[in-house]
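File shown here: run24.cif, holding mmCIF, C-alpha atoms and all ligand atoms.
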```cif
data_final
loop_
_atom_site.label_atom_id
_atom_site.label_comp_id
_atom_site.auth_asym_id
_atom_site.auth_seq_id
_atom_site.Cartn_x
_atom_site.Cartn_y
_atom_site.Cartn_z
CA MET A 1 269.24 -19.70 127.90
CA LYS A 2 267.41 -16.40 127.48
CA THR A 3 268.96 -13.68 125.31
CA PRO A 4 270.35 -10.98 127.61
CA ALA A 5 268.10 -7.90 127.47
CA SER A 6 271.00 -5.71 126.27
CA THR A 7 271.22 -7.53 122.92
CA ALA A 8 267.45 -7.76 122.44
CA VAL A 9 266.73 -4.02 122.52
CA ALA A 10 267.67 -1.47 119.86
CA PRO A 11 270.74 0.71 120.51
CA SER A 12 270.10 4.33 121.28
CA LEU A 13 272.42 6.31 119.02
CA SER A 14 273.35 9.90 119.70
CA ARG A 15 271.57 12.70 117.87
CA ARG A 16 274.80 13.46 116.01
CA ALA A 17 275.31 9.86 114.90
CA ARG A 18 271.73 9.76 113.66
CA ALA A 19 272.20 13.06 111.82
CA SER A 20 275.22 11.58 110.02
CA GLY A 21 273.14 8.92 108.28
CA GLY A 22 272.49 9.31 104.57
CA GLN A 23 275.64 11.31 103.74
CA PRO A 24 275.79 11.70 99.93
CA ILE A 25 279.43 10.59 99.88
CA ASN A 26 278.55 7.17 101.35
CA TYR A 27 275.74 6.61 98.89
CA LEU A 28 277.90 7.54 95.89
CA MET A 29 280.82 5.38 97.02
CA GLN A 30 278.55 2.38 97.63
CA THR A 31 276.99 2.80 94.18
CA ALA A 32 280.41 2.96 92.52
CA LEU A 33 281.66 -0.09 94.47
CA ALA A 34 278.53 -2.14 93.73
CA GLN A 35 278.98 -1.59 89.97
CA PRO A 36 282.73 -1.59 89.27
CA GLU A 37 282.17 -1.35 85.51
CA LEU A 38 280.59 2.13 85.96
CA ILE A 39 282.59 5.11 84.73
CA SER A 40 282.56 7.16 87.89
CA LEU A 41 282.86 10.88 87.28
CA ALA A 42 281.65 11.29 90.87
CA ALA A 43 284.51 10.59 93.25
CA GLY A 44 286.84 13.38 94.29
CA PHE A 45 289.66 10.79 94.29
CA VAL A 46 292.98 11.61 92.65
CA ASP A 47 294.85 10.07 89.72
CA GLN A 48 296.02 6.60 90.75
CA GLY A 49 298.98 6.28 88.37
CA SER A 50 300.75 9.41 89.56
CA LEU A 51 300.66 8.82 93.31
CA PRO A 52 304.11 9.76 94.70
CA THR A 53 305.51 6.32 95.54
CA GLU A 54 309.10 7.31 94.72
CA ALA A 55 309.00 10.63 96.56
CA VAL A 56 307.65 8.89 99.67
CA ASP A 57 310.24 6.12 99.40
CA GLU A 58 313.02 8.68 99.11
CA ALA A 59 311.67 10.69 102.05
CA TRP A 60 311.56 7.60 104.26
CA ARG A 61 315.12 6.62 103.26
CA THR A 62 316.34 10.07 104.33
CA LEU A 63 314.60 9.67 107.68
CA ALA A 64 315.80 6.08 108.15
CA ALA A 65 319.41 7.12 107.51
CA ASP A 66 319.32 9.31 110.62
CA SER A 67 318.16 7.36 113.66
CA SER A 68 317.15 10.45 115.65
CA LEU A 69 314.88 11.59 112.80
CA ALA A 70 313.49 8.09 112.30
CA HIS A 71 312.76 7.76 116.02
CA ALA A 72 311.13 11.19 116.12
CA ALA A 73 308.92 10.28 113.15
CA LEU A 74 307.79 7.07 114.84
CA GLN A 75 307.11 8.72 118.20
CA TYR A 76 304.06 10.77 119.26
CA GLY A 77 304.31 14.41 118.21
CA THR A 78 302.64 17.55 119.55
CA THR A 79 299.01 18.61 119.14
CA HIS A 80 300.08 21.61 117.01
CA GLY A 81 302.18 19.46 114.67
CA TYR A 82 305.82 19.07 113.64
CA ARG A 83 307.49 22.47 114.16
CA PRO A 84 309.92 22.44 111.17
CA LEU A 85 306.99 21.57 108.89
CA ARG A 86 304.88 24.40 110.28
CA GLU A 87 307.75 26.88 109.77
CA LEU A 88 308.24 25.72 106.20
CA LEU A 89 304.53 25.95 105.41
CA LEU A 90 304.29 29.48 106.74
CA ASP A 91 307.38 30.60 104.78
CA GLU A 92 306.02 29.03 101.61
CA LEU A 93 302.60 30.64 102.01
CA ARG A 94 304.06 34.09 102.69
CA ALA A 95 306.22 33.80 99.59
CA ALA A 96 303.25 32.65 97.46
CA ASP A 97 301.23 35.66 98.66
CA GLY A 98 304.02 38.14 97.86
CA ASN A 99 305.07 38.62 101.50
CA PRO A 100 302.58 41.41 102.30
CA GLU A 101 303.07 43.50 105.43
CA CYS A 102 299.97 42.01 107.12
CA MET A 103 301.34 38.45 106.88
CA ARG A 104 304.69 39.27 108.51
CA GLU A 105 303.06 39.15 111.94
CA LEU A 106 301.93 35.52 111.49
CA ARG A 107 303.87 33.06 113.66
CA PRO A 108 304.53 29.28 113.29
CA GLU A 109 302.58 28.93 116.58
CA GLN A 110 299.46 29.84 114.59
CA VAL A 111 300.00 26.99 112.13
CA VAL A 112 298.30 23.73 113.09
CA VAL A 113 298.59 20.38 111.33
CA THR A 114 295.68 17.93 111.19
CA ALA A 115 294.87 14.49 109.77
CA GLY A 116 293.57 15.95 106.49
CA SER A 117 291.91 19.33 106.19
CA ASN A 118 288.45 17.85 106.69
CA GLN A 119 289.40 17.21 110.31
CA LEU A 120 290.48 20.84 110.57
CA LEU A 121 287.14 22.03 109.15
CA TYR A 122 285.23 19.82 111.57
CA LEU A 123 287.24 20.86 114.62
CA LEU A 124 287.01 24.54 113.71
CA ALA A 125 283.24 24.30 113.40
CA ASP A 126 283.15 22.49 116.73
CA THR A 127 285.42 25.10 118.33
CA LEU A 128 283.49 28.13 117.05
CA CYS A 129 279.85 27.12 116.92
CA ASP A 130 277.04 25.96 119.13
CA PRO A 131 273.95 24.29 117.68
CA GLY A 132 271.84 26.97 115.99
CA ASP A 133 274.83 29.15 115.07
CA ILE A 134 275.19 30.14 111.41
CA VAL A 135 277.93 29.65 108.81
CA LEU A 136 277.42 31.47 105.51
CA CYS A 137 278.43 29.39 102.49
CA ALA A 138 278.53 29.85 98.74
CA ALA A 139 275.65 28.32 96.77
CA PRO A 140 276.88 25.76 95.79
CA THR A 141 279.69 24.68 98.12
CA TYR A 142 281.76 21.64 99.25
CA TYR A 143 279.02 19.18 100.21
CA VAL A 144 281.02 17.24 102.80
CA TYR A 145 281.39 20.50 104.74
CA LEU A 146 277.62 20.93 104.67
CA GLY A 147 277.44 17.48 106.28
CA VAL A 148 279.88 18.62 108.99
CA LEU A 149 277.71 21.64 109.80
CA LYS A 150 274.54 19.55 109.85
CA ASN A 151 276.20 17.03 112.13
CA LEU A 152 277.02 19.74 114.64
CA GLY A 153 273.55 21.31 114.45
CA ILE A 154 274.97 24.43 112.76
CA ARG A 155 272.82 26.30 110.23
CA ALA A 156 274.42 26.56 106.80
CA VAL A 157 272.95 29.56 104.96
CA SER A 158 273.84 29.96 101.32
CA VAL A 159 274.80 33.10 99.44
CA ALA A 160 274.59 33.64 95.65
CA THR A 161 277.56 32.98 93.39
CA ASP A 162 278.37 33.71 89.76
CA GLU A 163 281.21 32.56 87.51
CA GLN A 164 283.73 34.26 89.81
CA GLY A 165 282.45 32.62 92.99
CA LEU A 166 280.66 34.19 95.96
CA VAL A 167 279.15 37.61 95.13
CA PRO A 168 280.11 40.24 97.77
CA GLU A 169 276.93 42.28 97.18
CA ALA A 170 274.81 39.18 97.86
CA LEU A 171 276.84 38.54 101.01
CA ALA A 172 276.25 42.11 102.19
CA GLU A 173 272.54 41.69 101.56
CA LYS A 174 272.43 38.41 103.49
CA LEU A 175 274.30 39.91 106.45
CA GLU A 176 271.92 42.86 106.44
CA GLN A 177 268.88 40.52 106.40
CA LEU A 178 270.31 38.54 109.30
CA ALA A 179 270.97 41.76 111.22
CA LYS A 180 267.36 42.88 110.68
CA ALA A 181 266.11 39.48 111.85
CA GLY A 182 268.22 39.82 115.02
CA GLU A 183 270.37 36.83 114.00
CA LEU A 184 273.71 38.51 113.32
CA GLY A 185 274.91 37.37 116.73
CA ARG A 186 274.66 33.77 115.53
CA VAL A 187 276.87 34.21 112.45
CA LYS A 188 280.29 32.74 113.21
CA ALA A 189 281.96 32.38 109.83
CA ILE A 190 281.83 32.87 106.08
CA TYR A 191 283.13 29.71 104.38
CA VAL A 192 284.64 29.91 100.90
CA VAL A 193 286.54 27.41 98.76
CA SER A 194 288.71 30.09 97.24
CA TYR A 195 290.56 28.39 94.37
CA PHE A 196 288.96 26.20 91.64
CA ASP A 197 286.23 25.46 94.11
CA ASN A 198 284.47 22.22 94.78
CA PRO A 199 282.04 21.98 92.98
CA GLN A 200 282.04 24.79 90.37
CA GLY A 201 285.77 25.05 89.66
CA VAL A 202 285.71 28.85 90.01
CA THR A 203 288.32 31.09 91.66
CA LEU A 204 287.55 34.26 93.60
CA PRO A 205 289.37 37.30 92.19
CA ALA A 206 291.49 39.48 94.48
CA GLU A 207 288.93 42.33 94.69
CA ARG A 208 286.24 39.95 95.93
CA ARG A 209 288.57 38.53 98.57
CA ALA A 210 289.26 42.02 99.89
CA ALA A 211 285.53 42.85 99.83
CA ILE A 212 284.56 39.65 101.72
CA VAL A 213 287.16 40.29 104.46
CA GLU A 214 285.93 43.89 104.77
CA LEU A 215 282.30 42.69 105.12
CA ALA A 216 283.24 40.15 107.79
CA GLN A 217 284.98 42.93 109.72
CA ARG A 218 282.13 45.41 109.24
CA TYR A 219 279.51 42.96 110.52
CA SER A 220 281.61 41.69 113.43
CA ILE A 221 279.47 43.69 115.84
CA GLU A 222 278.16 41.26 118.45
CA GLN A 223 281.03 38.79 117.97
CA LYS A 224 283.81 38.19 115.51
CA ILE A 225 282.80 36.76 112.14
CA TYR A 226 285.69 34.83 110.62
CA VAL A 227 286.39 34.23 106.95
CA LEU A 228 287.18 30.55 106.56
CA ASP A 229 289.34 30.30 103.44
CA ASP A 230 289.50 26.68 102.26
CA ALA A 231 292.39 26.70 99.78
CA ALA A 232 292.41 22.93 99.14
CA TYR A 233 292.96 23.27 95.37
CA ARG A 234 295.30 26.27 95.24
CA LYS A 235 298.24 24.34 93.81
CA LEU A 236 296.26 22.58 91.09
CA ARG A 237 296.43 25.45 88.58
CA TYR A 238 296.63 24.62 84.87
CA SER A 239 296.76 28.13 83.41
CA GLY A 240 296.83 31.79 84.43
CA ASP A 241 298.40 33.50 87.44
CA ASP A 242 297.97 32.65 91.10
CA VAL A 243 295.81 34.97 93.23
CA PRO A 244 296.91 35.90 96.77
CA GLY A 245 295.08 34.03 99.54
CA PHE A 246 292.58 35.74 101.83
CA ALA A 247 295.27 36.18 104.49
CA ALA A 248 296.96 38.74 102.24
CA PHE A 249 293.90 41.01 102.63
CA ASP A 250 293.58 40.62 106.39
CA ASP A 251 295.11 43.10 108.84
CA ASP A 252 292.87 42.13 111.71
CA GLY A 253 293.03 38.37 112.39
CA THR A 254 289.75 37.77 110.54
CA VAL A 255 290.93 35.00 108.23
CA ILE A 256 291.37 31.30 108.95
CA THR A 257 293.15 29.53 106.10
CA THR A 258 293.04 25.77 105.52
CA HIS A 259 295.18 23.73 103.13
CA THR A 260 295.78 20.08 102.38
CA PHE A 261 298.44 17.84 100.88
CA SER A 262 295.68 15.51 99.63
CA LYS A 263 295.25 17.14 96.23
CA SER A 264 298.78 18.38 95.52
CA PHE A 265 300.69 15.36 96.89
CA SER A 266 298.79 12.34 98.23
CA PRO A 267 295.46 11.90 100.03
CA GLY A 268 296.66 8.68 101.70
CA ILE A 269 299.23 10.75 103.62
CA ARG A 270 296.29 12.62 105.24
CA VAL A 271 298.07 15.80 106.17
CA GLY A 272 296.11 19.04 106.27
CA TRP A 273 297.07 22.32 107.89
CA GLY A 274 295.72 25.72 108.73
CA ILE A 275 296.68 29.16 109.95
CA LEU A 276 294.47 30.39 112.75
CA PRO A 277 294.09 33.82 114.31
CA ALA A 278 296.16 33.78 117.54
CA GLU A 279 293.12 33.70 119.86
CA LEU A 280 291.78 30.48 118.28
CA VAL A 281 294.95 28.39 118.49
CA GLN A 282 294.62 27.21 122.09
CA PRO A 283 290.85 26.54 122.01
CA PHE A 284 291.33 24.67 118.74
CA CYS A 285 294.20 22.57 120.10
CA ASP A 286 292.19 21.83 123.25
CA GLN A 287 289.41 20.43 121.04
CA LYS A 288 291.93 18.57 118.93
CA SER A 289 293.52 16.95 121.94
CA ASN A 290 290.18 15.29 122.65
CA ILE A 291 290.51 13.56 119.29
CA ASP A 292 294.16 12.67 118.70
CA PHE A 293 296.59 15.04 120.49
CA GLY A 294 298.49 15.37 117.21
CA ALA A 295 298.13 14.37 113.55
CA PRO A 296 300.08 11.24 112.52
CA ASN A 297 303.67 12.26 113.14
CA PHE A 298 305.12 9.83 110.60
CA ALA A 299 303.07 11.39 107.78
CA GLN A 300 304.15 14.88 108.83
CA HIS A 301 307.83 13.92 108.71
CA ILE A 302 307.41 12.36 105.25
CA VAL A 303 305.69 15.46 103.93
CA TYR A 304 308.35 17.69 105.48
CA GLU A 305 311.17 15.72 103.84
CA ALA A 306 309.39 15.78 100.48
CA MET A 307 308.94 19.55 100.70
CA ARG A 308 312.49 20.18 101.90
CA SER A 309 314.07 18.10 99.13
CA GLY A 310 311.94 19.64 96.36
CA ALA A 311 310.25 16.30 95.58
CA GLY A 312 306.89 17.71 96.72
CA ALA A 313 307.03 20.62 94.27
CA LYS A 314 308.05 18.22 91.46
CA GLN A 315 305.10 15.98 92.29
CA THR A 316 302.67 18.91 92.18
CA ALA A 317 304.04 20.01 88.78
CA LYS A 318 303.61 16.46 87.48
CA LEU A 319 300.02 16.30 88.78
CA CYS A 320 299.18 19.60 87.09
CA ASP A 321 300.33 18.15 83.75
CA VAL A 322 298.26 14.99 84.26
CA TYR A 323 295.13 16.88 85.29
CA ARG A 324 295.47 19.51 82.57
CA THR A 325 295.22 16.72 79.99
CA LYS A 326 292.21 15.21 81.78
CA ARG A 327 290.51 18.60 82.14
CA ASP A 328 291.01 19.17 78.41
CA ALA A 329 289.56 15.72 77.66
CA MET A 330 286.45 16.47 79.73
CA VAL A 331 285.84 19.96 78.38
CA SER A 332 286.33 18.91 74.77
CA ALA A 333 284.05 15.88 75.30
CA CYS A 334 281.39 18.26 76.66
CA GLU A 335 281.84 20.47 73.60
CA HIS A 336 281.64 17.48 71.30
CA HIS A 337 278.71 15.62 72.87
CA MET A 338 276.69 18.30 74.67
CA SER A 339 276.87 21.39 72.43
CA GLY A 340 273.81 20.19 70.54
CA LEU A 341 271.73 19.80 73.72
CA ALA A 342 269.57 22.89 74.23
CA GLY A 343 270.02 24.61 77.58
CA VAL A 344 273.05 22.55 78.69
CA ARG A 345 276.01 24.68 79.87
CA TRP A 346 279.29 23.93 81.60
CA LEU A 347 282.11 25.94 83.12
CA HIS A 348 285.70 25.67 81.87
CA PRO A 349 287.90 25.41 84.99
CA THR A 350 291.50 26.65 84.95
CA GLY A 351 292.42 24.33 87.81
CA GLY A 352 291.08 21.87 90.39
CA LEU A 353 289.28 18.63 89.64
CA TYR A 354 285.72 19.52 88.62
CA VAL A 355 283.52 20.59 85.73
CA TRP A 356 280.13 22.04 86.69
CA LEU A 357 277.26 21.28 84.37
CA THR A 358 273.90 23.08 84.28
CA LEU A 359 270.95 21.37 82.59
CA PRO A 360 267.79 23.02 81.29
CA LYS A 361 265.47 24.31 84.04
CA GLY A 362 263.16 21.55 85.24
CA VAL A 363 265.56 18.68 84.46
CA ASP A 364 266.21 17.16 87.87
CA ALA A 365 269.61 15.46 88.31
CA GLY A 366 268.99 14.13 91.86
CA THR A 367 269.53 10.50 92.89
CA GLU A 368 265.79 9.75 92.61
CA SER A 369 265.47 11.36 89.17
CA PRO A 370 264.91 9.67 85.79
CA LEU A 371 268.20 11.23 84.64
CA PHE A 372 270.24 9.63 87.44
CA ALA A 373 268.65 6.25 86.67
CA ALA A 374 269.27 6.68 82.92
CA ALA A 375 272.91 7.63 83.52
CA LEU A 376 273.46 4.61 85.79
CA LYS A 377 271.83 2.37 83.21
CA ALA A 378 274.10 3.81 80.53
CA GLY A 379 277.09 3.17 82.83
CA VAL A 380 278.11 6.57 84.21
CA LEU A 381 277.96 8.03 87.73
CA TYR A 382 277.97 11.74 88.66
CA VAL A 383 277.40 13.86 91.75
CA PRO A 384 273.98 15.56 91.71
CA GLY A 385 274.67 19.28 92.10
CA GLY A 386 271.77 19.63 94.56
CA PHE A 387 273.94 18.01 97.28
CA SER A 388 276.12 21.12 97.25
CA TYR A 389 273.42 23.56 98.34
CA ALA A 390 272.66 24.48 101.92
CA ALA A 391 269.06 23.99 102.99
CA GLU A 392 268.61 27.69 103.75
CA GLY A 393 269.28 30.95 101.97
CA MET A 394 268.98 30.15 98.25
CA PRO A 395 266.93 27.79 96.13
CA ILE A 396 268.57 24.41 95.50
CA ALA A 397 269.50 24.09 91.82
CA ASP A 398 268.55 20.46 91.19
CA ASN A 399 269.34 20.82 87.48
CA THR A 400 273.10 20.79 88.11
CA ILE A 401 275.83 18.14 88.09
CA ARG A 402 279.39 17.98 89.42
CA LEU A 403 281.76 16.00 87.21
CA SER A 404 285.22 15.03 88.40
CA PHE A 405 288.08 14.38 85.97
CA GLY A 406 290.54 13.25 88.66
CA VAL A 407 290.31 9.48 88.49
CA GLN A 408 289.41 8.28 84.99
CA SER A 409 291.75 8.15 82.00
CA PRO A 410 291.13 10.70 79.19
CA ALA A 411 289.56 7.91 77.08
CA ARG A 412 287.14 6.91 79.87
CA ILE A 413 286.33 10.56 80.54
CA GLU A 414 285.39 11.00 76.87
CA GLU A 415 283.26 7.83 76.98
CA GLY A 416 281.62 8.84 80.28
CA ILE A 417 280.60 12.24 78.86
CA ARG A 418 279.25 10.58 75.72
CA LEU A 419 277.10 8.26 77.86
CA LEU A 420 275.93 11.12 80.05
CA ALA A 421 274.99 13.20 76.99
CA THR A 422 272.90 10.28 75.71
CA ALA A 423 271.10 10.05 79.06
CA VAL A 424 270.48 13.82 79.16
CA ALA A 425 269.15 13.79 75.59
CA GLU A 426 266.81 10.90 76.48
CA VAL A 427 265.41 12.58 79.59
CA ALA A 428 265.29 16.19 78.38
CA ARG A 429 263.49 15.19 75.16
C1 LIG B 501 287.06 21.90 99.18
C2 LIG B 501 287.64 20.79 99.97
N1 LIG B 501 288.10 21.04 101.20
C3 LIG B 501 288.62 20.07 101.97
C4 LIG B 501 288.72 18.77 101.52
C5 LIG B 501 289.26 17.73 102.45
O1 LIG B 501 290.45 17.19 102.06
P1 LIG B 501 291.37 16.32 103.01
O2 LIG B 501 290.60 16.01 104.25
O3 LIG B 501 291.74 15.13 102.24
O4 LIG B 501 292.54 17.20 103.33
C6 LIG B 501 288.26 18.45 100.23
C7 LIG B 501 288.31 17.07 99.73
O5 LIG B 501 287.83 16.72 98.68
C8 LIG B 501 287.71 19.48 99.43
O6 LIG B 501 287.24 19.26 98.20
#
```
What is this file in structure tokens?
Amino acid sequence: MKTPASTAVAPSLSRRARASGGQPINYLMQTALAQPELISLAAGFVDQGSLPTEAVDEAWRTLAADSSLAHAALQYGTTHGYRPLRELLLDELRAADGNPECMRELRPEQVVVTAGSNQLLYLLADTLCDPGDIVLCAAPTYYVYLGVLKNLGIRAVSVATDEQGLVPEALAEKLEQLAKAGELGRVKAIYVVSYFDNPQGVTLPAERRAAIVELAQRYSIEQKIYVLDDAAYRKLRYSGDDVPGFAAFDDDGTVITTHTFSKSFSPGIRVGWGILPAELVQPFCDQKSNIDFGAPNFAQHIVYEAMRSGAGAKQTAKLCDVYRTKRDAMVSACEHHMSGLAGVRWLHPTGGLYVWLTLPKGVDAGTESPLFAAALKAGVLYVPGGFSYAAEGMPIADNTIRLSFGVQSPARIEEGIRLLATAVAEVAR
């Protein structure tokens, strides 16, 4: 019998599916899986040994002991998310930000819960932008988000950073350039990872937050420009004082804040959440209802119980202790093994999961580079920093590396840095 024509011809994938090919995250995960003996300092995964098995068990027992709660958890929920959870999240955030006047107006109706904050970032981009629209991002920024923008045909344009994150003067300059080029009308948002960012580990100080909100408002001429404050790592602080979130500097509905339980509790739970300006809530939920008409309700109930009982806060405190030790192991291994390498610098993060390494100018760290091959051969995997730069706006710094201390033990972190230093010394010779 002849093969039916439908199986003999190539499929015609959508433009968006084709644009999704070659995501750095897939390549890095495949490389790590293919060589399990590698010390991966690449993955943004979390510490395996401290996942909250007991807190989740306890939360489920509480739910199971009350059949109406257990039934509610196992039933569909609403597109916005579980109301008691949204109320609790808003109260907690207001308290963390010092309950400023401008946050008193926020309502639980503006809080939305999603299946991880990446879904929230994707749906927001899809709700706000058409192909060709612009989102301004720090250089460097969270590379998965750059993939989201590319997938939707949105232009990511990068803005200079220093050791305190995005530089407001550089942002003003970029907005001015775009205005002169007649492109201000295409700018929909300014995206910032505001605490211990991915990838540099830096935190924006309060004055810069206020300045960025003011710039967004000043340049909201043809349409509103939102500040998208991705606070994924806020709770992973190992020293120093917390800084109020962007919402504490916003009296005009300019700020969209996103958070996640992935880093401070468990990524397998996949609960993210955000606070949206009132006018975006319905359009966002309309988009969301095309996808799932509500994040997994069971996970939301578990997270709510863990927060209500205090087990969530205990878990976060435990994680901070674990990661502080790992951060110290990575930074002291860098000092020990890399101090002698001319032109190699690294930042010392006070929270989060990453150490950002800069190599001498001209030393390429990309996946096709001699350094990447030498590191793999030595047995260590890293994320090339170049992945974290948007294609437009600023030069891509290929001589950079993102190192994660989340997954490996302190001993393996030390060994991984030793191996990486050997590879750098070999290539930079
Ligand atoms: C800056 C940043 N934002 C958002 C996310 C997404 O997290 P999730 O989808 O697990 O909530 C991540 C994950 O690594 C991240 O690093």
Would you tabulate, counting all atoms listed in the file, all residues of chain A that have an atom at most 7 Å from an atom of ligand LIG 501 (chain B), showing the closest pair of atoms and their distance in Å to one decimal, sorted by chain then ascending number, as a Markdown table?
```
| residue | atom | partner | partner_atom | distance |
| --- | --- | --- | --- | --- |
| A:Gly44 | CA | B:LIG501 | O5 | 5.6 |
| A:Gly116 | CA | B:LIG501 | O4 | 3.6 |
| A:Ser117 | CA | B:LIG501 | O4 | 3.6 |
| A:Asn118 | CA | B:LIG501 | O2 | 3.7 |
| A:Gln119 | CA | B:LIG501 | O2 | 6.3 |
| A:Tyr142 | CA | B:LIG501 | C1 | 5.3 |
| A:Val193 | CA | B:LIG501 | C1 | 5.6 |
| A:Asp197 | CA | B:LIG501 | C1 | 6.3 |
| A:Asn198 | CA | B:LIG501 | C1 | 5.1 |
| A:Asp230 | CA | B:LIG501 | N1 | 5.9 |
| A:Ala232 | CA | B:LIG501 | N1 | 5.1 |
| A:Thr260 | CA | B:LIG501 | O4 | 4.4 |
| A:Phe261 | CA | B:LIG501 | O4 | 6.4 |
| A:Ser262 | CA | B:LIG501 | O3 | 4.7 |
| A:Pro267 | CA | B:LIG501 | O3 | 5.4 |
| A:Arg270 | CA | B:LIG501 | O3 | 6.0 |
| A:Val271 | CA | B:LIG501 | O4 | 6.4 |
| A:Gly272 | CA | B:LIG501 | O4 | 5.0 |
```
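Taking all atoms listed in the file, the non-local environment of Val187 in chain A within 7 Å (same-chain residues fewer than 4 positions away omitted) comprises A:Asp133, A:Ile134, A:Val135, A:Ile225.
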**Study point:** Spatial sel., origin (295.6, 21.6, 95.9), limit 12 Å, all atoms listed in the file, listed as JSON, numbers by chain
**Key:** {"A": [46, 117, 193, 194, 195, 196, 197, 198, 230, 231, 232, 233, 234, 235, 236, 237, 238, 258, 259, 260, 261, 262, 263, 264, 265, 266, 267, 272, 312, 313, 315, 316, 317, 319, 320, 323, 351, 352, 353]}
Go ahead and save the residues from that selection, with C-alpha atoms, as a CSV table (one decimal), in the coordinates of the input.
```csv
chain,number,residue,atom,x,y,z
A,46,VAL,CA,293.0,11.6,92.6
A,117,SER,CA,291.9,19.3,106.2
A,193,VAL,CA,286.5,27.4,98.8
A,194,SER,CA,288.7,30.1,97.2
A,195,TYR,CA,290.6,28.4,94.4
A,196,PHE,CA,289.0,26.2,91.6
A,197,ASP,CA,286.2,25.5,94.1
A,198,ASN,CA,284.5,22.2,94.8
A,230,ASP,CA,289.5,26.7,102.3
A,231,ALA,CA,292.4,26.7,99.8
A,232,ALA,CA,292.4,22.9,99.1
A,233,TYR,CA,293.0,23.3,95.4
A,234,ARG,CA,295.3,26.3,95.2
A,235,LYS,CA,298.2,24.3,93.8
A,236,LEU,CA,296.3,22.6,91.1
A,237,ARG,CA,296.4,25.4,88.6
A,238,TYR,CA,296.6,24.6,84.9
A,258,THR,CA,293.0,25.8,105.5
A,259,HIS,CA,295.2,23.7,103.1
A,260,THR,CA,295.8,20.1,102.4
A,261,PHE,CA,298.4,17.8,100.9
A,262,SER,CA,295.7,15.5,99.6
A,263,LYS,CA,295.2,17.1,96.2
A,264,SER,CA,298.8,18.4,95.5
A,265,PHE,CA,300.7,15.4,96.9
A,266,SER,CA,298.8,12.3,98.2
A,267,PRO,CA,295.5,11.9,100.0
A,272,GLY,CA,296.1,19.0,106.3
A,312,GLY,CA,306.9,17.7,96.7
A,313,ALA,CA,307.0,20.6,94.3
A,315,GLN,CA,305.1,16.0,92.3
A,316,THR,CA,302.7,18.9,92.2
A,317,ALA,CA,304.0,20.0,88.8
A,319,LEU,CA,300.0,16.3,88.8
A,320,CYS,CA,299.2,19.6,87.1
A,323,TYR,CA,295.1,16.9,85.3
A,351,GLY,CA,292.4,24.3,87.8
A,352,GLY,CA,291.1,21.9,90.4
A,353,LEU,CA,289.3,18.6,89.6
```
Practice item. Counting only C-alpha atoms, figure out which residue out of A:Cys137, A:Ala125, A:Leu93, A:Ala181 gets nearest to Ala247 in chain A. Key: A:Leu93
Exercise for review: Would you kindly return, as number ranges by chain, each protein, DNA or RNA residue with an atom no farther than 10 Å from any atom of Gln408 in chain A, considering only C-alpha atoms and excluding same-chain residues fewer than 6 positions away?
Suggested key: A: 39-41, 43, 45-48, 326, 414, 416
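When all atoms listed in the file are used to compute distances to Arg86 in chain A, the closest of the residues A:Trp346, A:Tyr304, A:Phe372, A:Phe405 turns out to be A:Tyr304.
CA of Thr358 in chain A to CA of Gly343 in chain A spans 7.9 Å [interatomic distance, one decimal].
Atom pair CA of Arg412 in chain A / CA of Leu381 in chain A has a distance of 12.1 Å (rounded to one decimal).
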Taking (281.9, 25.0, 91.5) in the file's coordinates, which residues come within 8 Å, counting all atoms listed in the file, written as an mmCIF file with C-alpha atoms, keeping the file's coordinate frame?
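Dumped to part06.cif:
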```
data_model
loop_
_atom_site.group_PDB
_atom_site.id
_atom_site.type_symbol
_atom_site.label_atom_id
_atom_site.label_comp_id
_atom_site.auth_asym_id
_atom_site.auth_seq_id
_atom_site.Cartn_x
_atom_site.Cartn_y
_atom_site.Cartn_z
ATOM 1 C CA PRO A 140 276.880 25.760 95.790
ATOM 2 C CA THR A 141 279.690 24.680 98.120
ATOM 3 C CA GLY A 165 282.450 32.620 92.990
ATOM 4 C CA PHE A 196 288.960 26.200 91.640
ATOM 5 C CA ASP A 197 286.230 25.460 94.110
ATOM 6 C CA ASN A 198 284.470 22.220 94.780
ATOM 7 C CA PRO A 199 282.040 21.980 92.980
ATOM 8 C CA GLN A 200 282.040 24.790 90.370
ATOM 9 C CA GLY A 201 285.770 25.050 89.660
ATOM 10 C CA VAL A 202 285.710 28.850 90.010
ATOM 11 C CA TYR A 354 285.720 19.520 88.620
ATOM 12 C CA VAL A 355 283.520 20.590 85.730
ATOM 13 C CA TRP A 356 280.130 22.040 86.690
ATOM 14 C CA ARG A 402 279.390 17.980 89.420
#
```
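Distances to Glu105 in chain A were evaluated for A:Ala295, A:Thr78, A:Leu90, A:Arg186 using all atoms listed in the file, and the minimum falls at A:Leu90.
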**Study point:** Residue nearest Lys188 in chain A among A:Phe387, A:Tyr226, A:Tyr219, A:Phe246 (counting only C-alpha atoms)
**Key:** A:Tyr226
Check your understanding: Out of A:Glu101, A:Leu376, A:Glu392, A:Leu88, which residue has the shortest atom-to-atom distance to Ile154 in chain A when counting all atoms listed in the file?
Key -> A:Glu392
Practice item. For Asn99 in chain A, please output as an MDAnalysis selection string all residues within 12 Å (counting all atoms listed in the file; exclusion window: fewer than 4 positions along the same chain). Key: chainID A and resid 90:95 103:106 244:245 247:249
Point to revise | Test item: residues at most 7 Å from range 54-65 of chain A, all atoms listed in the file, excluding those fewer than 6 positions along its chain, as a ChimeraX atom specification | key: /A:302,305-306,311
